[in-house]
Amino acid sequence: MFYVLRRDDRYPDVWYNDSDELDPFISVKCPKYPEHQRGERDINTNLWIDIKKPKMGDLVSTVYSDWLITDHVAEIFKAHNLTGYKLHPVKVCNKKLDFNLWELVITGSAGRAHPDSGLNLKLYCEYCGLTRYTPIKKGLGIIVDETRWDGSDFFTITEYYKYVLITEKAKKVIEENKLKGVKIVLASDLGWDEA
Ligand SMILES: [Zn+2]
């Protein structure tokens, strides 16, 4: 069984600090289709964030769905030898915390989802590389293709790389340590009715 990290709505997201020099997005302009213009996260740029509400989980989502973890969580993940991530330092701009925050950058991969997930390429722009897939289907969710999975405890699939998938082992570590700020759902329970 595989699971997905979801926000726990009882814990507010944190924001990107809005000074321009710290913008972690790379602006991509399509030479052919203006509507393809977008910002893509530069994963090599460390996040500078603002905490606008005091309540904070042990795992924290940014408004752009990056996962951040505290020192405490980093130690727990390390102690259990969880794999498939690296940690990038996060700077908190508007507050002084008595611990550090780290961005959980996922390095584990399962490549393309299993064909039974029915996630098909919907759009690929040869001019700018914009790629879109059909929505995750209700009742199917994300089906991991274990032949493509690198065995990491934290990993993503190509089609929807913002969803952090985890193993039974990682789920157990999060639950047994009662880590707050995250809900763990079955990968097969993701998805929505087609519009
Ligand atoms: Zn394009």
# chains A, B, ... in the order shown; residues from 1 in each chain; ligands from 1

$ residues_near_ligand --ligand "ligand 1" --cutoff "6 Å" --atoms "only C-alpha atoms and all ligand atoms" --output "list in words"
Cys30, Lys32, Tyr33, His36, Cys125, Tyr127, Cys128 and Leu130 of chain A

$ write_last_selection --atoms "N, CA, C and O atoms" --output "PDB file, in the first residue's frame"
ATOM      1  N   CYS A  30       6.453  31.024 -23.261  1.00  0.00           N
ATOM      2  CA  CYS A  30       6.371  30.185 -24.448  1.00  0.00           C
ATOM      3  C   CYS A  30       6.528  31.067 -25.692  1.00  0.00           C
ATOM      4  O   CYS A  30       5.817  32.061 -25.822  1.00  0.00           O
ATOM      5  N   LYS A  32       5.532  30.518 -28.534  1.00  0.00           N
ATOM      6  CA  LYS A  32       4.422  30.341 -29.467  1.00  0.00           C
ATOM      7  C   LYS A  32       3.068  30.733 -28.848  1.00  0.00           C
ATOM      8  O   LYS A  32       2.284  31.444 -29.463  1.00  0.00           O
ATOM      9  N   TYR A  33       2.814  30.233 -27.633  1.00  0.00           N
ATOM     10  CA  TYR A  33       1.496  30.441 -27.021  1.00  0.00           C
ATOM     11  C   TYR A  33       1.626  31.259 -25.736  1.00  0.00           C
ATOM     12  O   TYR A  33       2.093  30.735 -24.716  1.00  0.00           O
ATOM     13  N   HIS A  36       0.781  30.008 -22.218  1.00  0.00           N
ATOM     14  CA  HIS A  36       1.613  29.007 -21.536  1.00  0.00           C
ATOM     15  C   HIS A  36       2.585  29.637 -20.534  1.00  0.00           C
ATOM     16  O   HIS A  36       3.299  28.920 -19.851  1.00  0.00           O
ATOM     17  N   CYS A 125       3.628  20.829 -24.990  1.00  0.00           N
ATOM     18  CA  CYS A 125       3.998  21.905 -25.911  1.00  0.00           C
ATOM     19  C   CYS A 125       5.467  21.753 -26.281  1.00  0.00           C
ATOM     20  O   CYS A 125       6.341  21.805 -25.416  1.00  0.00           O
ATOM     21  N   TYR A 127       7.259  23.803 -27.785  1.00  0.00           N
ATOM     22  CA  TYR A 127       7.979  25.079 -27.750  1.00  0.00           C
ATOM     23  C   TYR A 127       8.480  25.421 -26.352  1.00  0.00           C
ATOM     24  O   TYR A 127       9.532  26.011 -26.199  1.00  0.00           O
ATOM     25  N   CYS A 128       7.699  25.072 -25.331  1.00  0.00           N
ATOM     26  CA  CYS A 128       8.097  25.474 -23.975  1.00  0.00           C
ATOM     27  C   CYS A 128       8.110  24.319 -22.981  1.00  0.00           C
ATOM     28  O   CYS A 128       8.478  24.502 -21.826  1.00  0.00           O
ATOM     29  N   LEU A 130       5.586  22.723 -21.690  1.00  0.00           N
ATOM     30  CA  LEU A 130       4.412  22.603 -20.815  1.00  0.00           C
ATOM     31  C   LEU A 130       3.764  21.232 -21.013  1.00  0.00           C
ATOM     32  O   LEU A 130       3.517  20.802 -22.137  1.00  0.00           O
TER      33      LEU A 130
END

$ residues_around --residues "A:Val60" --least-positions-apart "5" --cutoff "7 Å" --atoms "only C-alpha atoms" --output "PyMOL selection string"
chain A and resi 13+67-69+181

$ write_last_selection --atoms "N, CA, C and O atoms" --output "compact mmCIF listing (two decimals), in the first residue's frame"
# COMPACT_ATOMS: atom_id res chain seq x y z
N ASP A 13 -1.37 27.10 6.22
CA ASP A 13 -0.20 27.12 5.36
C ASP A 13 0.71 28.30 5.73
O ASP A 13 0.24 29.29 6.29
N TRP A 67 6.34 20.87 1.13
CA TRP A 67 6.30 20.39 2.51
C TRP A 67 7.55 20.84 3.26
O TRP A 67 8.66 20.66 2.79
N LEU A 68 7.31 21.41 4.45
CA LEU A 68 8.40 21.80 5.33
C LEU A 68 8.31 20.95 6.60
O LEU A 68 7.22 20.54 6.99
N ILE A 69 9.47 20.68 7.19
CA ILE A 69 9.47 19.92 8.45
C ILE A 69 10.37 20.61 9.46
O ILE A 69 11.27 21.36 9.09
N GLY A 181 -0.06 18.18 11.57
CA GLY A 181 -0.04 19.06 10.41
C GLY A 181 -0.25 18.34 9.10
O GLY A 181 -0.26 18.96 8.04

$ select_by_dssp --residues "stretch 8-184 of chain A" --states "strand (DSSP E)" --output "compact mmCIF listing (two decimals) with N, CA and C atoms, in the first residue's frame"
# COMPACT_ATOMS: atom_id res chain seq x y z
N TRP A 15 3.43 31.23 4.05
CA TRP A 15 3.50 31.98 2.79
C TRP A 15 4.93 32.18 2.34
N TYR A 16 5.11 32.38 1.04
CA TYR A 16 6.42 32.81 0.55
C TYR A 16 6.58 34.28 0.92
N PHE A 25 10.61 31.28 -8.12
CA PHE A 25 10.03 30.83 -9.39
C PHE A 25 10.89 31.30 -10.57
N ILE A 26 11.01 30.43 -11.56
CA ILE A 26 11.63 30.81 -12.82
C ILE A 26 10.48 31.10 -13.77
N SER A 27 10.53 32.27 -14.40
CA SER A 27 9.47 32.62 -15.33
C SER A 27 9.72 31.93 -16.68
N VAL A 28 8.74 31.15 -17.12
CA VAL A 28 8.87 30.46 -18.40
C VAL A 28 7.90 31.10 -19.38
N ARG A 38 4.28 30.92 -17.38
CA ARG A 38 4.07 30.41 -16.02
C ARG A 38 5.34 30.57 -15.19
N GLY A 39 5.17 30.40 -13.88
CA GLY A 39 6.32 30.36 -13.00
C GLY A 39 6.58 28.92 -12.59
N GLU A 40 7.81 28.47 -12.76
CA GLU A 40 8.14 27.12 -12.30
C GLU A 40 9.09 27.22 -11.12
N ARG A 41 8.80 26.46 -10.11
CA ARG A 41 9.63 26.50 -8.91
C ARG A 41 11.06 26.07 -9.23
N TRP A 48 12.22 31.36 1.35
CA TRP A 48 12.14 32.38 2.40
C TRP A 48 10.65 32.55 2.67
N ILE A 49 10.24 32.31 3.88
CA ILE A 49 8.81 32.27 4.14
C ILE A 49 8.38 33.24 5.24
N ASP A 50 7.08 33.50 5.27
CA ASP A 50 6.45 34.25 6.35
C ASP A 50 5.41 33.34 7.01
N LEU A 59 4.76 18.98 10.44
CA LEU A 59 4.91 19.09 8.99
C LEU A 59 4.02 20.26 8.57
N VAL A 60 4.56 21.11 7.71
CA VAL A 60 3.88 22.35 7.36
C VAL A 60 3.85 22.48 5.85
N SER A 61 2.70 22.84 5.31
CA SER A 61 2.63 23.06 3.86
C SER A 61 2.74 24.56 3.58
N TRP A 67 6.34 20.87 1.13
CA TRP A 67 6.30 20.39 2.51
C TRP A 67 7.55 20.84 3.26
N LEU A 68 7.31 21.41 4.45
CA LEU A 68 8.40 21.80 5.33
C LEU A 68 8.31 20.95 6.60
N ILE A 69 9.47 20.68 7.19
CA ILE A 69 9.47 19.92 8.45
C ILE A 69 10.37 20.61 9.46
N THR A 70 10.10 20.34 10.72
CA THR A 70 10.91 20.91 11.80
C THR A 70 12.14 20.03 12.05
N TYR A 85 14.45 11.63 0.13
CA TYR A 85 14.32 13.08 0.28
C TYR A 85 15.66 13.68 0.63
N LYS A 86 15.77 14.98 0.39
CA LYS A 86 16.87 15.74 0.98
C LYS A 86 16.27 16.98 1.61
N LEU A 87 17.06 17.62 2.46
CA LEU A 87 16.54 18.77 3.20
C LEU A 87 17.24 20.04 2.77
N HIS A 88 16.46 21.05 2.42
CA HIS A 88 17.01 22.36 2.10
C HIS A 88 16.61 23.33 3.20
N PRO A 89 17.53 24.18 3.63
CA PRO A 89 17.19 25.12 4.71
C PRO A 89 16.12 26.12 4.28
N VAL A 90 15.26 26.47 5.21
CA VAL A 90 14.19 27.44 4.96
C VAL A 90 14.43 28.62 5.89
N LYS A 91 14.34 29.82 5.35
CA LYS A 91 14.52 31.00 6.19
C LYS A 91 13.15 31.59 6.53
N VAL A 92 12.92 31.77 7.82
CA VAL A 92 11.66 32.39 8.25
C VAL A 92 11.93 33.88 8.42
N LEU A 101 13.45 25.20 10.28
CA LEU A 101 12.54 24.55 9.34
C LEU A 101 13.35 24.13 8.12
N TRP A 102 12.95 23.01 7.55
CA TRP A 102 13.63 22.46 6.37
C TRP A 102 12.59 22.15 5.31
N GLU A 103 12.97 22.38 4.07
CA GLU A 103 12.08 21.94 3.00
C GLU A 103 12.37 20.47 2.71
N LEU A 104 11.31 19.69 2.66
CA LEU A 104 11.41 18.27 2.34
C LEU A 104 11.39 18.15 0.81
N VAL A 105 12.57 18.05 0.23
CA VAL A 105 12.67 17.98 -1.23
C VAL A 105 12.71 16.50 -1.63
N ILE A 106 11.72 16.09 -2.38
CA ILE A 106 11.57 14.66 -2.67
C ILE A 106 12.49 14.25 -3.83
N GLY A 108 12.97 10.65 -4.33
CA GLY A 108 12.51 9.32 -4.74
C GLY A 108 11.54 9.41 -5.90
N SER A 109 11.50 8.38 -6.72
CA SER A 109 10.63 8.43 -7.89
C SER A 109 10.05 7.07 -8.23
N LEU A 121 -1.42 11.69 -21.17
CA LEU A 121 -0.88 12.98 -21.58
C LEU A 121 -1.98 13.76 -22.30
N LYS A 122 -2.26 14.96 -21.80
CA LYS A 122 -3.34 15.75 -22.37
C LYS A 122 -2.77 16.87 -23.24
N LEU A 123 -1.61 17.37 -22.83
CA LEU A 123 -1.00 18.48 -23.55
C LEU A 123 0.51 18.41 -23.39
N TYR A 124 1.21 18.50 -24.52
CA TYR A 124 2.65 18.70 -24.44
C TYR A 124 3.02 19.75 -25.47
N THR A 131 3.52 20.56 -19.89
CA THR A 131 2.99 19.20 -19.94
C THR A 131 1.79 19.09 -19.01
N ARG A 132 0.70 18.57 -19.50
CA ARG A 132 -0.48 18.37 -18.65
C ARG A 132 -1.01 16.95 -18.86
N TYR A 133 -1.50 16.39 -17.75
CA TYR A 133 -2.08 15.04 -17.80
C TYR A 133 -3.56 15.10 -17.43
N PHE A 154 9.86 8.10 0.40
CA PHE A 154 9.18 9.29 -0.10
C PHE A 154 9.46 9.36 -1.60
N PHE A 155 8.42 9.52 -2.38
CA PHE A 155 8.65 9.57 -3.83
C PHE A 155 7.49 10.27 -4.52
N THR A 156 7.71 10.55 -5.79
CA THR A 156 6.67 11.20 -6.58
C THR A 156 6.48 10.42 -7.88
N LEU A 165 4.16 10.87 -2.26
CA LEU A 165 3.74 9.50 -1.95
C LEU A 165 4.68 8.92 -0.90
N ILE A 166 4.14 8.09 -0.03
CA ILE A 166 4.97 7.49 1.02
C ILE A 166 4.64 6.00 1.18
N THR A 167 5.58 5.31 1.79
CA THR A 167 5.41 3.88 2.05
C THR A 167 4.70 3.65 3.38
N VAL A 182 -0.42 17.02 9.16
CA VAL A 182 -0.53 16.26 7.92
C VAL A 182 -1.60 15.19 8.08
N LYS A 183 -2.27 14.91 6.99
CA LYS A 183 -3.19 13.78 6.94
C LYS A 183 -2.62 12.78 5.95
N ILE A 184 -2.75 11.52 6.26
CA ILE A 184 -2.21 10.49 5.38
C ILE A 184 -3.38 9.75 4.76

$ select_by_dssp --residues "chain A" --states "helix (DSSP H, G or I)" --output "NGL selection string"
:A and (20-22 or 34-36 or 71-79 or 115-117 or 168-176 or 187-189)

$ closest_residue --among "A:Val63, A:Val73, A:Leu190, A:Val4" --to "A:Ile174" --atoms "only C-alpha atoms"
A:Val73

$ atom_distance --atom1 "atom CA of A:Asn177" --atom2 "atom CA of A:Thr62"
22.1 Å

$ atom_distance --atom1 "atom CA of A:Ile143" --atom2 "atom CA of A:Gly84"
18.5 Å

$ closest_residue --among "A:Ala170, A:Ile142, A:Leu47, A:Met56" --to "A:Pro115" --atoms "only C-alpha atoms"
A:Ile142

$ atom_distance --atom1 "atom CA of A:Val144" --atom2 "atom CA of A:Leu186"
11.5 Å

$ closest_residue --among "A:Pro31, A:Ile136, A:Trp192, A:Thr107" --to "A:Leu82" --atoms "only C-alpha atoms"
A:Thr107
